[in-house]
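Below is the file coords31.txt, which contains compact mmCIF, N, CA and C atoms and all ligand atoms.
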# COMPACT_ATOMS: atom_id res chain seq x y z
N MET O 1 -41.38 210.74 141.15
CA MET O 1 -40.91 209.64 140.27
C MET O 1 -40.10 208.66 141.12
N ILE O 2 -40.41 207.37 140.93
CA ILE O 2 -39.77 206.32 141.73
C ILE O 2 -38.88 205.46 140.83
N VAL O 3 -37.68 205.19 141.29
CA VAL O 3 -36.82 204.19 140.66
C VAL O 3 -36.51 203.14 141.72
N GLU O 4 -36.77 201.89 141.39
CA GLU O 4 -36.51 200.82 142.35
C GLU O 4 -35.20 200.12 142.03
N ILE O 5 -34.59 199.60 143.05
CA ILE O 5 -33.34 198.85 142.88
C ILE O 5 -33.61 197.40 143.28
N ARG O 6 -33.43 196.54 142.29
CA ARG O 6 -33.64 195.10 142.51
C ARG O 6 -32.56 194.34 141.76
N ARG O 7 -32.04 193.32 142.39
CA ARG O 7 -31.07 192.42 141.74
C ARG O 7 -29.98 193.22 141.03
N TYR O 8 -29.43 194.17 141.73
CA TYR O 8 -28.30 194.95 141.21
C TYR O 8 -28.66 195.70 139.93
N ALA O 9 -29.87 196.25 139.88
CA ALA O 9 -30.27 197.03 138.70
C ALA O 9 -31.22 198.14 139.10
N PHE O 10 -31.13 199.26 138.38
CA PHE O 10 -32.07 200.36 138.55
C PHE O 10 -33.25 200.12 137.61
N GLU O 11 -34.47 200.19 138.15
CA GLU O 11 -35.66 199.91 137.36
C GLU O 11 -36.67 201.04 137.52
N PRO O 12 -36.96 201.79 136.46
CA PRO O 12 -36.33 201.67 135.14
C PRO O 12 -34.95 202.32 135.12
N ALA O 13 -34.12 201.87 134.21
CA ALA O 13 -32.76 202.38 134.14
C ALA O 13 -32.71 203.78 133.55
N GLU O 14 -33.72 204.12 132.76
CA GLU O 14 -33.77 205.48 132.21
C GLU O 14 -35.16 206.06 132.47
N ILE O 15 -35.19 207.29 132.95
CA ILE O 15 -36.46 207.97 133.17
C ILE O 15 -36.41 209.33 132.51
N VAL O 16 -37.59 209.85 132.19
CA VAL O 16 -37.74 211.18 131.62
C VAL O 16 -38.68 211.96 132.53
N ILE O 17 -38.22 213.11 132.98
CA ILE O 17 -39.01 213.90 133.93
C ILE O 17 -39.00 215.37 133.54
N ARG O 18 -39.86 216.12 134.16
CA ARG O 18 -39.93 217.56 133.99
C ARG O 18 -39.01 218.25 135.02
N PRO O 19 -38.55 219.46 134.69
CA PRO O 19 -37.78 220.21 135.69
C PRO O 19 -38.59 220.39 136.97
N GLY O 20 -37.92 220.30 138.09
CA GLY O 20 -38.58 220.46 139.38
C GLY O 20 -39.08 219.16 139.97
N THR O 21 -38.84 218.06 139.28
CA THR O 21 -39.30 216.75 139.77
C THR O 21 -38.28 216.17 140.74
N THR O 22 -38.79 215.58 141.80
CA THR O 22 -37.95 214.84 142.74
C THR O 22 -37.99 213.36 142.39
N VAL O 23 -36.83 212.78 142.28
CA VAL O 23 -36.72 211.34 142.01
C VAL O 23 -36.33 210.64 143.32
N ARG O 24 -37.00 209.55 143.57
CA ARG O 24 -36.72 208.78 144.78
C ARG O 24 -36.31 207.37 144.38
N TRP O 25 -35.13 206.99 144.76
CA TRP O 25 -34.62 205.63 144.52
C TRP O 25 -34.88 204.82 145.79
N ILE O 26 -35.52 203.69 145.62
CA ILE O 26 -35.84 202.83 146.76
C ILE O 26 -35.08 201.52 146.64
N ASN O 27 -34.42 201.17 147.68
CA ASN O 27 -33.66 199.91 147.70
C ASN O 27 -34.60 198.76 148.05
N ARG O 28 -34.87 197.89 147.08
CA ARG O 28 -35.77 196.75 147.27
C ARG O 28 -35.02 195.43 147.42
N GLU O 29 -33.74 195.52 147.63
CA GLU O 29 -32.96 194.29 147.81
C GLU O 29 -33.29 193.63 149.15
N ARG O 30 -32.84 192.41 149.31
CA ARG O 30 -33.00 191.75 150.61
C ARG O 30 -31.90 192.15 151.57
N ARG O 31 -30.68 192.27 151.03
CA ARG O 31 -29.55 192.55 151.92
C ARG O 31 -28.61 193.63 151.41
N GLN O 32 -28.56 193.80 150.13
CA GLN O 32 -27.47 194.57 149.54
C GLN O 32 -27.71 196.09 149.61
N TYR O 33 -26.68 196.80 150.00
CA TYR O 33 -26.72 198.27 149.95
C TYR O 33 -26.25 198.75 148.59
N HIS O 34 -26.61 199.98 148.26
CA HIS O 34 -26.20 200.60 147.00
C HIS O 34 -26.04 202.10 147.22
N SER O 35 -25.58 202.77 146.16
CA SER O 35 -25.59 204.23 146.18
C SER O 35 -26.05 204.73 144.82
N VAL O 36 -26.39 205.99 144.78
CA VAL O 36 -26.75 206.67 143.52
C VAL O 36 -25.76 207.80 143.37
N TRP O 37 -24.84 207.60 142.46
CA TRP O 37 -23.71 208.52 142.35
C TRP O 37 -23.66 209.15 140.96
N PHE O 38 -23.82 210.45 140.92
CA PHE O 38 -23.69 211.18 139.66
C PHE O 38 -22.22 211.54 139.48
N GLU O 39 -21.48 210.53 139.16
CA GLU O 39 -20.02 210.64 139.13
C GLU O 39 -19.55 211.69 138.14
N GLU O 40 -20.20 211.75 136.98
CA GLU O 40 -19.75 212.69 135.94
C GLU O 40 -19.96 214.14 136.34
N SER O 41 -20.80 214.37 137.32
CA SER O 41 -21.02 215.74 137.79
C SER O 41 -19.85 216.24 138.63
N GLY O 42 -18.96 215.31 139.02
CA GLY O 42 -17.82 215.68 139.84
C GLY O 42 -18.11 215.69 141.32
N GLU O 43 -19.33 215.30 141.68
CA GLU O 43 -19.69 215.27 143.10
C GLU O 43 -19.11 214.02 143.76
N PRO O 44 -18.86 214.10 145.05
CA PRO O 44 -18.42 212.89 145.76
C PRO O 44 -19.54 211.87 145.84
N GLU O 45 -19.16 210.62 146.02
CA GLU O 45 -20.17 209.59 146.14
C GLU O 45 -20.99 209.77 147.41
N PRO O 46 -22.31 209.72 147.30
CA PRO O 46 -23.12 209.83 148.53
C PRO O 46 -23.08 208.55 149.33
N GLU O 47 -23.67 208.58 150.50
CA GLU O 47 -23.67 207.41 151.37
C GLU O 47 -24.50 206.28 150.78
N TYR O 48 -24.13 205.08 151.15
CA TYR O 48 -24.92 203.91 150.74
C TYR O 48 -26.27 203.95 151.42
N PHE O 49 -27.24 203.34 150.78
CA PHE O 49 -28.51 203.13 151.47
C PHE O 49 -28.91 201.67 151.37
N PHE O 50 -29.59 201.25 152.40
CA PHE O 50 -29.81 199.83 152.65
C PHE O 50 -31.24 199.42 152.32
N PRO O 51 -31.53 198.11 152.28
CA PRO O 51 -32.88 197.65 151.96
C PRO O 51 -33.94 198.37 152.80
N GLY O 52 -34.95 198.86 152.12
CA GLY O 52 -36.01 199.62 152.80
C GLY O 52 -35.73 201.10 152.87
N GLU O 53 -34.51 201.50 152.61
CA GLU O 53 -34.17 202.92 152.65
C GLU O 53 -34.24 203.51 151.24
N SER O 54 -34.21 204.83 151.18
CA SER O 54 -34.28 205.47 149.87
C SER O 54 -33.35 206.68 149.82
N TYR O 55 -33.19 207.16 148.61
CA TYR O 55 -32.34 208.32 148.34
C TYR O 55 -33.12 209.24 147.42
N GLU O 56 -33.09 210.54 147.69
CA GLU O 56 -33.87 211.48 146.88
C GLU O 56 -32.99 212.56 146.29
N ARG O 57 -33.42 213.01 145.12
CA ARG O 57 -32.72 214.12 144.49
C ARG O 57 -33.71 214.85 143.59
N ARG O 58 -33.64 216.16 143.63
CA ARG O 58 -34.54 216.99 142.82
C ARG O 58 -33.75 217.56 141.65
N PHE O 59 -34.38 217.57 140.48
CA PHE O 59 -33.73 218.03 139.26
C PHE O 59 -34.41 219.30 138.77
N GLU O 60 -33.63 220.35 138.65
CA GLU O 60 -34.19 221.65 138.27
C GLU O 60 -33.94 221.98 136.81
N ARG O 61 -32.82 221.54 136.28
CA ARG O 61 -32.42 221.98 134.94
C ARG O 61 -32.54 220.87 133.91
N PRO O 62 -33.03 221.24 132.71
CA PRO O 62 -33.06 220.24 131.63
C PRO O 62 -31.67 219.71 131.34
N GLY O 63 -31.61 218.46 130.98
CA GLY O 63 -30.32 217.85 130.65
C GLY O 63 -30.40 216.35 130.78
N ARG O 64 -29.28 215.74 130.51
CA ARG O 64 -29.18 214.28 130.60
C ARG O 64 -28.16 213.96 131.67
N TYR O 65 -28.61 213.31 132.70
CA TYR O 65 -27.78 213.05 133.87
C TYR O 65 -27.58 211.54 134.03
N THR O 66 -26.34 211.13 133.93
CA THR O 66 -26.07 209.70 134.09
C THR O 66 -25.51 209.46 135.49
N TYR O 67 -25.82 208.27 136.00
CA TYR O 67 -25.33 207.93 137.33
C TYR O 67 -24.98 206.46 137.39
N ARG O 68 -24.38 206.09 138.46
CA ARG O 68 -23.98 204.70 138.68
C ARG O 68 -24.07 204.41 140.18
N CYS O 69 -23.94 203.15 140.50
CA CYS O 69 -23.80 202.77 141.90
C CYS O 69 -22.31 202.75 142.23
N GLY O 70 -21.93 203.31 143.34
CA GLY O 70 -20.52 203.36 143.70
C GLY O 70 -19.86 201.99 143.81
N PRO O 71 -20.41 201.10 144.63
CA PRO O 71 -19.78 199.79 144.79
C PRO O 71 -19.95 198.86 143.59
N HIS O 72 -20.92 199.11 142.73
CA HIS O 72 -21.21 198.21 141.61
C HIS O 72 -21.22 199.02 140.32
N GLU O 73 -20.08 199.09 139.71
CA GLU O 73 -19.92 199.97 138.55
C GLU O 73 -20.83 199.59 137.39
N GLU O 74 -21.23 198.30 137.33
CA GLU O 74 -22.09 197.86 136.24
C GLU O 74 -23.53 198.37 136.38
N MET O 75 -23.87 198.85 137.55
CA MET O 75 -25.21 199.40 137.76
C MET O 75 -25.23 200.85 137.29
N ARG O 76 -25.99 201.09 136.23
CA ARG O 76 -26.00 202.44 135.67
C ARG O 76 -27.42 202.88 135.33
N GLY O 77 -27.62 204.19 135.37
CA GLY O 77 -28.93 204.73 135.05
C GLY O 77 -28.80 206.12 134.47
N THR O 78 -29.91 206.59 133.90
CA THR O 78 -29.95 207.91 133.29
C THR O 78 -31.24 208.62 133.67
N VAL O 79 -31.10 209.90 133.99
CA VAL O 79 -32.25 210.76 134.22
C VAL O 79 -32.24 211.82 133.14
N ARG O 80 -33.29 211.87 132.37
CA ARG O 80 -33.41 212.93 131.36
C ARG O 80 -34.44 213.93 131.83
N VAL O 81 -34.01 215.16 131.94
CA VAL O 81 -34.91 216.24 132.37
C VAL O 81 -35.25 217.07 131.15
N VAL O 82 -36.52 217.07 130.81
CA VAL O 82 -36.96 217.69 129.56
C VAL O 82 -37.86 218.89 129.88
N GLY O 83 -37.45 220.04 129.38
CA GLY O 83 -38.22 221.25 129.61
C GLY O 83 -39.28 221.44 128.54
N ASP O 84 -39.96 222.56 128.61
CA ASP O 84 -41.04 222.84 127.67
C ASP O 84 -40.52 223.26 126.31
CU CU L 101 -24.99 198.84 143.96

Exercise: express the given structure as structure tokens:
Amino acid sequence: MIVEIRRYAFEPAEIVIRPGTTVRWINRERRQYHSVWFEESGEPEPEYFFPGESYERRFERPGRYTYRCGPHEEMRGTVRVVGD
């Protein structure tokens, strides 16, 4: 599953996936770096990634996972993992 980042937005902002799916966020900006931070999970913010780079994460458990970009709090997204 691919989520693209353009003009300070995650596209699509919400996705629905099955357990065991890897999500890849690709930075499609011209210059701007971003991060994908699951802040509510209590994890530290991961490193920024730059145009042309990507960030991956695999989801094993059903649930609703919200995230944001560290430097741009208005950038938000949701991953819904739906089991059988
Ligand atoms: Cu950002």

Review point. Using the chain letters and numbers from this document, which residues of chain O does DSSP assign to strand (DSSP E or B), as a PyMOL selection string?
Key: chain O and resi 2-6+9-11+14-17+21-27+34+37+49+54-59+63-68+76-81

Closest-contact table, chain O side, partner ligand CU 101 (chain L), 7 Å, counting only C-alpha atoms and all ligand atoms, as CSV:
residue,atom,partner,partner_atom,distance
O:Tyr8,CA,L:CU101,CU,5.8
O:Tyr33,CA,L:CU101,CU,6.3
O:His34,CA,L:CU101,CU,3.7
O:Ser35,CA,L:CU101,CU,5.9
O:Cys69,CA,L:CU101,CU,4.6
O:Gly70,CA,L:CU101,CU,6.4
O:Pro71,CA,L:CU101,CU,5.4
O:His72,CA,L:CU101,CU,4.5
O:Met75,CA,L:CU101,CU,6.2

Review point. Using only N, CA and C atoms, which residues sit within 6 Å of stretch 13-27 of chain O once same-chain residues fewer than 4 positions away are excluded, as number ranges by chain?
Key: O: 1-5, 50-62, 76-83

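Considering the residues O:Arg7, O:Glu73, O:Glu47, O:Arg68 and counting all atoms listed in the file, O:Arg30 has its shortest atom-to-atom contact with O:Arg7.
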
Check your understanding: What is the distance between atom CA of O:Arg64 and atom CA of O:Ser41, in Å to one decimal?
Key -> 11.0 Å

Around stretch 27-39 of chain O, with edges along x, y and z and 5 Å added on all six sides, what centre and edge lengths do you get, in Å to one decimal, as JSON?
{"center_x": -27.7, "center_y": 201.7, "center_z": 145.0, "size_x": 26.2, "size_y": 29.9, "size_z": 23.8}

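For the choices O:Glu40, O:Arg6, O:Tyr48, O:Pro12, the atom-to-atom distance to O:Arg28 is smallest for O:Arg6 when using only C-alpha atoms.
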
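The interatomic distance for the pair atom N of O:Gly42 and atom C of O:Glu29 works out to 27.9 Å.
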
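Here the question is which of O:Arg31, O:Tyr67, O:Glu45, O:Glu74 gets nearest to O:Ala9 using only C-alpha atoms, and that residue is O:Glu74.
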